[in-house]
Each structure stands twice: as structure tokens, then as C-alpha cells.
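S.K.: One file is attached below, start-v4.txt, containing compact mmCIF, C-alpha atoms.
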```txt
# COMPACT_ATOMS: atom_id res chain seq x y z
CA MET A 1 -8.41 18.76 29.36
CA VAL A 2 -6.17 17.43 32.09
CA SER A 3 -3.98 19.27 34.58
CA ASP A 4 -0.20 19.44 34.47
CA ARG A 5 -0.03 17.09 37.46
CA SER A 6 -2.31 14.62 35.72
CA LEU A 7 0.01 14.69 32.72
CA GLU A 8 2.92 13.93 35.04
CA VAL A 9 0.90 11.05 36.46
CA LEU A 10 0.43 9.77 32.92
CA ARG A 11 4.15 10.07 32.32
CA VAL A 12 5.05 7.92 35.33
CA ILE A 13 2.32 5.39 34.51
CA VAL A 14 3.80 4.94 31.04
CA GLN A 15 7.35 4.74 32.35
CA ASP A 16 6.54 2.36 35.22
CA TYR A 17 4.35 0.11 33.07
CA VAL A 18 7.01 -0.10 30.35
CA ALA A 19 9.61 -1.01 32.97
CA SER A 20 7.57 -3.56 34.92
CA ARG A 21 4.72 -4.69 32.65
CA GLU A 22 2.55 -4.49 35.78
CA PRO A 23 -0.53 -2.21 35.99
CA VAL A 24 0.33 0.92 37.96
CA GLY A 25 -1.71 1.93 41.04
CA SER A 26 -1.97 5.17 42.99
CA LYS A 27 -0.10 3.78 46.01
CA SER A 28 2.79 2.71 43.81
CA ILE A 29 2.95 6.19 42.28
CA VAL A 30 3.01 7.86 45.70
CA ASP A 31 5.68 5.47 46.97
CA ARG A 32 7.94 5.70 43.93
CA HIS A 33 7.55 9.33 42.84
CA ALA A 34 7.74 12.65 44.69
CA PHE A 35 4.37 14.17 43.89
CA GLY A 36 3.86 15.49 47.42
CA VAL A 37 0.14 14.62 47.45
CA SER A 38 -1.94 11.79 48.85
CA ALA A 39 -2.86 8.56 47.12
CA ALA A 40 -6.47 9.82 47.03
CA THR A 41 -5.38 12.86 45.02
CA ILE A 42 -3.44 10.65 42.61
CA ARG A 43 -6.54 8.45 42.26
CA ASN A 44 -8.52 11.53 41.25
CA ASP A 45 -5.90 12.34 38.61
CA MET A 46 -6.05 8.77 37.37
CA ALA A 47 -9.83 8.93 37.17
CA LEU A 48 -9.52 12.02 34.97
CA LEU A 49 -6.97 10.29 32.76
CA GLU A 50 -9.28 7.30 32.47
CA GLU A 51 -12.19 9.57 31.58
CA GLU A 52 -10.03 11.01 28.79
CA GLU A 53 -9.30 7.43 27.61
CA LEU A 54 -5.60 7.86 28.24
CA ILE A 55 -5.36 4.93 30.67
CA ILE A 56 -7.47 1.85 31.27
CA ALA A 57 -7.91 -0.88 33.86
CA PRO A 58 -6.94 -4.20 32.26
CA HIS A 59 -8.92 -6.05 34.95
CA THR A 60 -10.58 -5.36 38.28
CA SER A 61 -7.38 -4.41 40.11
CA SER A 62 -6.70 -0.80 41.03
CA GLY A 63 -3.78 -0.57 38.61
CA ARG A 64 -3.98 1.14 35.23
CA ILE A 65 -2.08 0.84 31.97
CA PRO A 66 -1.74 3.32 29.09
CA THR A 67 -4.02 3.16 26.07
CA ASP A 68 -2.86 3.81 22.52
CA LYS A 69 -4.15 7.37 23.01
CA GLY A 70 -2.13 7.64 26.21
CA TYR A 71 1.04 6.46 24.49
CA ARG A 72 0.37 8.98 21.71
CA LEU A 73 0.10 11.86 24.17
CA PHE A 74 3.23 10.64 25.94
CA VAL A 75 5.22 10.49 22.70
CA ASP A 76 3.96 13.84 21.39
CA HIS A 77 4.33 15.90 24.57
CA LEU A 78 5.89 14.02 27.49
CA ALA A 79 8.70 11.84 26.19
CA ASP A 80 12.27 12.95 26.77
CA LEU A 81 14.80 11.72 24.23
CA ARG A 82 17.44 10.51 26.60
CA PRO A 83 20.88 10.96 25.06
CA LEU A 84 22.69 7.76 24.26
CA THR A 85 25.48 6.82 26.62
CA VAL A 86 29.10 7.29 25.58
CA ALA A 87 29.38 3.51 25.24
CA GLN A 88 26.35 3.38 22.94
CA ARG A 89 27.65 6.18 20.73
CA GLN A 90 31.05 4.52 20.51
CA ALA A 91 29.38 1.22 19.62
CA ILE A 92 27.59 2.89 16.70
CA GLU A 93 30.78 4.46 15.37
CA VAL A 94 32.93 1.36 15.79
CA PHE A 95 30.40 -1.19 14.58
CA LEU A 96 29.22 0.74 11.52
CA GLY A 97 32.64 2.19 10.73
CA GLN A 98 33.92 -1.30 9.94
CA SER A 99 31.52 -1.70 7.01
CA ALA A 100 32.94 -1.94 3.50
CA ASP A 101 29.93 -1.20 1.27
CA LEU A 102 26.28 -0.21 1.40
CA ASP A 103 24.93 -3.74 1.80
CA GLU A 104 27.17 -4.38 4.79
CA VAL A 105 26.48 -0.94 6.28
CA LEU A 106 22.72 -1.52 6.21
CA ALA A 107 23.01 -5.09 7.51
CA ARG A 108 25.15 -3.87 10.41
CA SER A 109 22.79 -0.94 11.05
CA VAL A 110 19.76 -3.14 11.67
CA ARG A 111 21.72 -5.56 13.82
CA LEU A 112 23.04 -2.71 15.93
CA LEU A 113 19.66 -0.97 16.19
CA SER A 114 18.03 -4.23 17.25
CA GLN A 115 20.64 -4.65 19.98
CA LEU A 116 20.22 -1.06 21.20
CA THR A 117 16.40 -1.21 21.37
CA HIS A 118 15.57 -4.93 21.81
CA GLN A 119 13.01 -4.55 19.02
CA VAL A 120 12.71 -5.64 15.40
CA ALA A 121 14.92 -3.28 13.39
CA LEU A 122 14.24 -2.33 9.77
CA VAL A 123 16.13 -0.32 7.18
CA GLN A 124 14.99 0.70 3.72
CA TYR A 125 17.44 0.76 0.83
CA PRO A 126 17.99 4.24 -0.63
CA SER A 127 16.92 4.93 -4.17
CA LEU A 128 19.47 4.69 -6.95
CA SER A 129 17.99 7.75 -8.68
CA ARG A 130 21.01 10.02 -8.00
CA ALA A 131 23.75 7.41 -7.92
CA THR A 132 26.39 7.21 -10.63
CA VAL A 133 28.49 4.32 -11.90
CA ARG A 134 31.90 4.30 -10.24
CA HIS A 135 33.25 1.07 -11.72
CA ILE A 136 32.26 -2.13 -13.47
CA GLU A 137 34.18 -5.35 -12.87
CA LEU A 138 33.85 -8.59 -14.84
CA VAL A 139 35.25 -11.59 -13.00
CA PRO A 140 35.60 -14.97 -14.75
CA LEU A 141 34.14 -17.78 -12.63
CA SER A 142 34.57 -20.51 -15.25
CA ASP A 143 34.82 -20.82 -19.02
CA THR A 144 31.13 -19.94 -19.40
CA ARG A 145 30.27 -18.04 -16.21
CA VAL A 146 31.11 -14.41 -15.44
CA LEU A 147 30.41 -12.37 -12.32
CA SER A 148 29.21 -8.88 -13.24
CA VAL A 149 29.94 -6.37 -10.45
CA LEU A 150 28.46 -2.86 -10.48
CA ILE A 151 29.88 -0.35 -7.97
CA THR A 152 28.20 3.04 -7.51
CA ASP A 153 29.53 6.28 -6.08
CA SER A 154 27.37 5.71 -2.99
CA GLY A 155 29.23 2.47 -2.22
CA ARG A 156 26.52 0.10 -3.36
CA VAL A 157 27.83 -3.14 -4.84
CA GLU A 158 25.49 -5.11 -7.10
CA GLN A 159 26.62 -8.57 -8.26
CA ARG A 160 25.06 -10.98 -10.73
CA VAL A 161 26.27 -14.14 -12.43
CA VAL A 162 26.05 -14.23 -16.23
CA GLU A 163 25.69 -17.65 -17.83
CA LEU A 164 27.37 -17.55 -21.26
CA THR A 165 26.48 -19.82 -24.16
CA ARG A 166 30.14 -20.45 -25.00
CA THR A 167 33.63 -19.65 -23.82
CA LEU A 168 34.86 -16.04 -23.58
CA ASP A 169 38.59 -15.88 -22.94
CA GLU A 170 40.01 -13.65 -20.22
CA THR A 171 41.72 -11.28 -22.67
CA ALA A 172 38.45 -10.52 -24.46
CA LEU A 173 36.71 -10.17 -21.08
CA ALA A 174 39.34 -7.68 -19.88
CA GLU A 175 38.96 -5.63 -23.08
CA LEU A 176 35.16 -5.60 -22.65
CA ARG A 177 35.55 -4.45 -19.03
CA THR A 178 37.77 -1.56 -20.12
CA ARG A 179 35.33 -0.49 -22.84
CA LEU A 180 32.33 -0.73 -20.51
CA ASN A 181 33.99 1.51 -17.90
CA ALA A 182 34.87 4.01 -20.62
CA VAL A 183 31.25 4.07 -21.84
CA VAL A 184 29.27 4.17 -18.57
CA GLY A 185 31.74 5.28 -15.89
CA GLY A 186 30.46 8.44 -14.19
CA LEU A 187 26.98 8.18 -15.75
CA SER A 188 23.78 8.19 -13.71
CA MET A 189 21.80 4.97 -13.52
CA SER A 190 19.29 6.08 -16.15
CA GLU A 191 22.06 7.34 -18.44
CA ALA A 192 23.99 4.10 -18.05
CA ALA A 193 20.90 2.04 -18.83
CA ALA A 194 20.36 4.05 -22.02
CA ALA A 195 24.03 3.68 -23.03
CA LEU A 196 23.74 -0.10 -22.69
CA THR A 197 20.60 -0.30 -24.83
CA GLY A 198 20.85 -1.22 -28.51
CA PRO A 199 24.09 -1.55 -30.49
CA THR A 200 27.01 -0.71 -28.25
CA GLY A 201 30.06 -1.35 -30.44
CA LEU A 202 31.86 -2.84 -27.45
CA GLY A 203 33.57 -5.69 -29.28
CA PRO A 204 33.97 -7.65 -32.49
CA PRO A 205 30.84 -8.97 -34.24
CA GLU A 206 31.78 -12.61 -33.59
CA LEU A 207 31.47 -11.97 -29.83
CA GLN A 208 28.32 -9.89 -30.02
CA ASP A 209 26.04 -12.63 -28.65
CA LEU A 210 28.20 -12.91 -25.51
CA ILE A 211 28.54 -9.14 -25.19
CA ASP A 212 24.74 -8.84 -25.39
CA LEU A 213 24.33 -11.29 -22.52
CA ILE A 214 26.74 -9.33 -20.33
CA THR A 215 25.42 -5.86 -21.22
CA GLY A 216 21.85 -7.09 -20.76
CA THR A 217 22.70 -8.20 -17.23
CA LEU A 218 24.43 -4.88 -16.55
CA ARG A 219 21.39 -3.02 -17.88
CA ASP A 220 19.24 -4.87 -15.37
CA GLN A 221 21.71 -4.01 -12.62
CA VAL A 222 21.86 -0.28 -13.31
CA GLY A 223 18.10 -0.19 -13.81
CA ALA A 224 17.44 -1.81 -10.44
CA ASN A 225 15.94 0.43 -7.78
CA ARG A 226 16.06 -1.29 -4.42
CA GLN A 227 14.13 1.31 -2.45
CA ASP A 228 11.33 -1.25 -2.36
CA ARG A 229 13.51 -3.54 -0.28
CA LEU A 230 13.95 -3.74 3.47
CA VAL A 231 16.63 -5.35 5.58
CA MET A 232 15.41 -6.71 8.91
CA ALA A 233 17.00 -7.98 12.12
CA GLY A 234 15.82 -8.96 15.59
CA ALA A 235 12.56 -10.75 14.81
CA ALA A 236 13.33 -12.99 17.79
CA ASN A 237 12.70 -9.97 20.03
CA LEU A 238 9.00 -10.29 19.22
CA VAL A 239 8.98 -13.75 20.76
CA ARG A 240 10.53 -12.37 23.95
CA THR A 241 7.66 -9.85 24.20
CA GLU A 242 4.91 -12.28 23.19
CA ASP A 243 2.98 -11.58 26.41
CA ASP A 244 2.46 -8.00 25.23
CA PHE A 245 0.17 -9.22 22.46
CA SER A 246 -3.41 -10.25 23.17
CA GLY A 247 -3.23 -13.26 20.88
CA SER A 248 -0.61 -15.02 18.79
CA ILE A 249 2.35 -13.05 17.47
CA TYR A 250 2.23 -14.98 14.18
CA PRO A 251 -0.04 -12.44 12.42
CA VAL A 252 2.54 -9.78 13.32
CA LEU A 253 5.38 -11.92 11.99
CA GLU A 254 3.42 -12.52 8.79
CA ALA A 255 2.71 -8.79 8.42
CA ILE A 256 6.35 -7.75 8.76
CA GLU A 257 7.34 -10.29 6.13
CA GLU A 258 5.16 -8.35 3.67
CA GLN A 259 7.71 -5.69 2.89
CA VAL A 260 5.39 -3.77 0.60
CA VAL A 261 3.03 -3.25 3.56
CA LEU A 262 5.80 -1.90 5.78
CA LEU A 263 7.08 0.35 3.01
CA ARG A 264 3.60 1.78 2.55
CA LEU A 265 3.39 2.40 6.29
CA PHE A 266 6.82 4.09 6.22
CA GLY A 267 5.57 6.38 3.46
CA GLU A 268 2.54 7.52 5.44
CA MET A 269 4.32 8.33 8.71
CA ALA A 270 4.78 12.02 9.55
CA THR A 271 8.03 13.20 11.15
CA ASP A 272 7.83 14.96 14.54
CA GLN A 273 9.93 17.75 16.03
CA HIS A 274 12.61 15.25 17.00
CA GLY A 275 13.07 14.04 13.43
CA VAL A 276 11.40 10.74 14.34
CA SER A 277 8.13 9.28 13.06
CA VAL A 278 6.04 7.25 15.51
CA SER A 279 2.92 5.24 14.64
CA ILE A 280 1.18 3.61 17.59
CA GLY A 281 -1.23 0.71 18.00
CA ARG A 282 -4.53 1.24 16.25
CA GLU A 283 -2.90 3.73 13.88
CA ASN A 284 -1.22 0.65 12.37
CA ALA A 285 -4.38 -1.47 12.21
CA PRO A 286 -4.86 -0.99 8.43
CA PHE A 287 -1.47 -2.65 7.98
CA GLY A 288 -2.23 -5.66 10.20
CA LEU A 289 -0.05 -4.24 12.99
CA GLY A 290 -2.68 -2.89 15.37
CA GLU A 291 -0.84 -4.06 18.50
CA THR A 292 2.54 -2.68 17.53
CA SER A 293 4.35 0.63 17.45
CA VAL A 294 6.69 1.63 14.64
CA LEU A 295 9.41 4.27 15.07
CA THR A 296 11.39 5.53 12.07
CA SER A 297 13.82 8.26 11.12
CA GLY A 298 15.15 9.29 7.75
CA TYR A 299 18.69 8.98 6.47
CA THR A 300 20.30 10.00 3.19
CA SER A 301 22.83 8.45 0.85
CA HIS A 302 24.22 10.98 -1.64
CA GLY A 303 20.97 12.91 -1.65
CA ASP A 304 18.66 9.90 -1.83
CA ALA A 305 16.40 9.54 1.20
CA ALA A 306 15.22 6.37 2.91
CA ARG A 307 14.11 5.29 6.41
CA LEU A 308 15.25 3.06 9.19
CA GLY A 309 13.44 2.21 12.39
CA VAL A 310 12.12 -0.33 14.85
CA LEU A 311 8.89 -2.24 15.34
CA GLY A 312 7.65 -3.78 18.58
CA PRO A 313 4.75 -3.93 21.03
CA THR A 314 3.10 -0.69 22.11
CA ARG A 315 4.66 -1.26 25.55
CA MET A 316 8.14 -0.12 24.63
CA ASP A 317 10.70 2.36 25.89
CA TYR A 318 9.81 5.19 23.50
CA SER A 319 12.36 7.68 24.83
CA ASN A 320 15.32 5.32 24.46
CA ASN A 321 14.13 3.84 21.18
CA MET A 322 13.47 7.22 19.56
CA ALA A 323 16.93 8.42 20.59
CA ALA A 324 18.57 5.25 19.24
CA VAL A 325 16.72 5.39 15.92
CA ARG A 326 17.62 9.05 15.44
CA ALA A 327 21.26 8.51 16.40
CA VAL A 328 21.79 5.55 14.06
CA ALA A 329 20.02 7.39 11.21
CA ARG A 330 22.23 10.46 11.66
CA TYR A 331 25.42 8.41 11.80
CA LEU A 332 24.31 6.40 8.76
CA SER A 333 23.76 9.62 6.77
CA ARG A 334 27.19 10.87 7.77
CA LEU A 335 28.88 7.57 6.95
CA LEU A 336 27.21 7.18 3.56
CA GLY A 337 27.92 10.81 2.73
CA GLU A 338 31.61 10.24 3.38
CA ASN A 339 31.62 7.16 1.17
```
With the file now loaded, output its structure as C-alpha cells.
M.R.:
Amino acid sequence: MVSDRSLEVLRVIVQDYVASREPVGSKSIVDRHAFGVSAATIRNDMALLEEEELIIAPHTSSGRIPTDKGYRLFVDHLADLRPLTVAQRQAIEVFLGQSADLDEVLARSVRLLSQLTHQVALVQYPSLSRATVRHIELVPLSDTRVLSVLITDSGRVEQRVVELTRTLDETALAELRTRLNAVVGGLSMSEAAAALTGPTGLGPPELQDLIDLITGTLRDQVGANRQDRLVMAGAANLVRTEDDFSGSIYPVLEAIEEQVVLLRLFGEMATDQHGVSVSIGRENAPFGLGETSVLTSGYTSHGDAARLGVLGPTRMDYSNNMAAVRAVARYLSRLLGEN
């Protein structure tokens, strides 16, 4: 157990260390913060925090830095989610509001979140389980190549090129497009996949081989579930914070390239009272990310849930980053709900 003043000492140690990357000493705390007690008293508080394994001396100097346990206590009980500035909120609305479809929205979201936090930003694609087919477009690229475009009610656009074995004229292609939209328009992904399985009666028998190629591609498109995919931005921020890692950052870079590992970590993170999930340091060791912290928040797209967040060294501005992650997630849910 530690006193309320000792907890406040921990708070300023975390905040000062995050800001300066320099170990924090008792004299610095007395000079910079209005505790109204002597440096000797602050040293006693720091000794208690060290006994509780909340801070540690990185070397023989008098300064201390937070441990993973100290960061955890700070995040759970001491962190204030500072509201984003008016400029930051406007940047979210303007930057994301310019997006045309889901792919662009998510790409812009991670770029913006990386800029707001100076960390690696990640966003998970929502499931297609509740999406329905809004429209199918077939675009001729050449005599034997067709672009199949699937558009869902959630704004997702899925495109694939179909290589035909022979020429399909534009009139026949337009008729097939009309029939496909009549058959699968408004259906869920699973219903659309079933409707495109087996004999479809979508055209004359002499074109059936070409129709099968196109409907087979569409079946793959509507059956795709991209929740196992992440979009990432800001990996260069890890290089800028390389000194925060005890060794090379390359194992971290390799770990974040393994999307299945990150997705598994996302799935195991519990959400706190702020609507944000935070996993710190050694809590991430099973995923090869023992020197990093990961902050995520959930967003929804037409009822389907997914996560977005940031990853960086344990020495990060938790208050600002948690607020940014939550704000972008909330705006993303609102934007995708409107679409």
C-alpha cells in the first residue's frame, strides 16, 4: 500500500520521464511540482514506490523511472484523458470526412492516428458478417479481362480482375451485370455466396464458361472476411524512439509484421472504464512485444465490431494517446454508420 502523496509522486515521475526521457530525482520533483514538502520526504515516498516495484533506478544515479507495474498503476488509476484540442478534433473530422469508401477511411484513420500520437497506428478491418450487397459492377478492361467490383452497404469496395478464356462483348457483360444485381442485390454475404453457387441461369449456355469464371470470382469476393487483416501506418516512429528499447528494434518490427499475432493480442485485451484497452510491457511478452505498449479502442461498422489503436515503447504519453485512440474510434464508428 502506498499513500495518496506517493501516488502523486508516481504520477509526476511517469509524466516527467515520458516528457524528458531522463530519470526523475527528488530534487527535480520538488523544484517542478508544488508538493509543499522537502526533498527528503519525496525521497521517502520514492523509496516506498521502489519497494512496491513501481519505479526503479536504471543506474546508480538518484533518478528513478517507472516500471511496467508503475505504468499499469498509472494507466488504471492516475491517468487523465486529456481532451483533444479543437484543432485536433477538426483535423479528425476534415481528414476522415474526405474519404470515399471503407478502404480509404481506414487508411486515412491510421495515418491520422499515427500523426496524433507519434506511434505506430493499427486498424483492424470489420467483419463482413452483417454487410449486404449494395451493387455489383463489371468493367471491361480488355477483350478478355474484366474488373469485378463488389460494393457493400457499409461502403466497402472489393475489386478483382477476372481473366477470361475468350472474348465477352460489352452487351453481354452489361446484361450479366444487370442479372447479377437482380439476383444478389440486398443479400447478406452468406446469402449472396449461396446464390452464386451452382447453376445460376444468368446467361445463355454458350457463355456459361465465362459466366462461371465471373461468378466464381464474385463468390470469392462475397465470401471474403477481412477481419483478419490490419492496416498499419507510422512504423518509422519506432525508429525515432529506438533508444527506448534495450536492444534492436528489429524484433519489434518483425513482430508487428505478423498480423495474426497482433490480432490475437487485440482479442485478448480487456476494455477499461474509458473504453480503451491498454496492454503494457511484459504483458505483451508472449507476443514478442515485451518492451512495447499497445492501446486500442473498438469501433463499429453497421453492427460489426473491430479495433484500432497504437503501438509504441512503454515510455509513451498514455493520457494523450488514449484520448486520441478513443476519439478516432468514436468518429470512425459515426462515419461508417452514416455511410
S.K.: Which residues are near Gln98 in chain A? Cut-off 12 Å, only C-alpha atoms, ignore same chain within fewer than 4 positions. Put them as a tab-separated table (two decimals) with C-alpha atoms, in the frame of the given file.
M.R.:
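Final output, around28.tsv:
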```tsv
chain	number	residue	atom	x	y	z
A	91	ALA	CA	29.38	1.22	19.62
A	92	ILE	CA	27.59	2.89	16.70
A	93	GLU	CA	30.78	4.46	15.37
A	94	VAL	CA	32.93	1.36	15.79
A	102	LEU	CA	26.28	-0.21	1.40
A	104	GLU	CA	27.17	-4.38	4.79
A	105	VAL	CA	26.48	-0.94	6.28
A	106	LEU	CA	22.72	-1.52	6.21
A	107	ALA	CA	23.01	-5.09	7.51
A	108	ARG	CA	25.15	-3.87	10.41
A	109	SER	CA	22.79	-0.94	11.05
A	335	LEU	CA	28.88	7.57	6.95
```
S.K.: To one decimal in Å, tell me the separation between CA of Val149 in chain A and CA of Thr217 in chain A.
M.R.: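 Taking CA of Val149 in chain A as the start and CA of Thr217 in chain A as the end point, the length is 10.1 Å.
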S.K.: Between A:Leu48, A:Gln88, A:Gly267, A:Ser319, single out the one closest to Ala305 in chain A, counting only C-alpha atoms.
M.R.: A:Gly267
S.K.: At what distance in Å, to one decimal, does CA of Ser293 in chain A lie from CA of Met316 in chain A?
M.R.: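 About the pair CA of Met316 in chain A and CA of Ser293 in chain A: they are 8.2 Å apart.
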S.K.: How far is it from CA of Gly155 in chain A to CA of Gln124 in chain A, in Å with one decimal?
M.R.: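 Rounded to one decimal, the two atoms are 15.5 Å apart.
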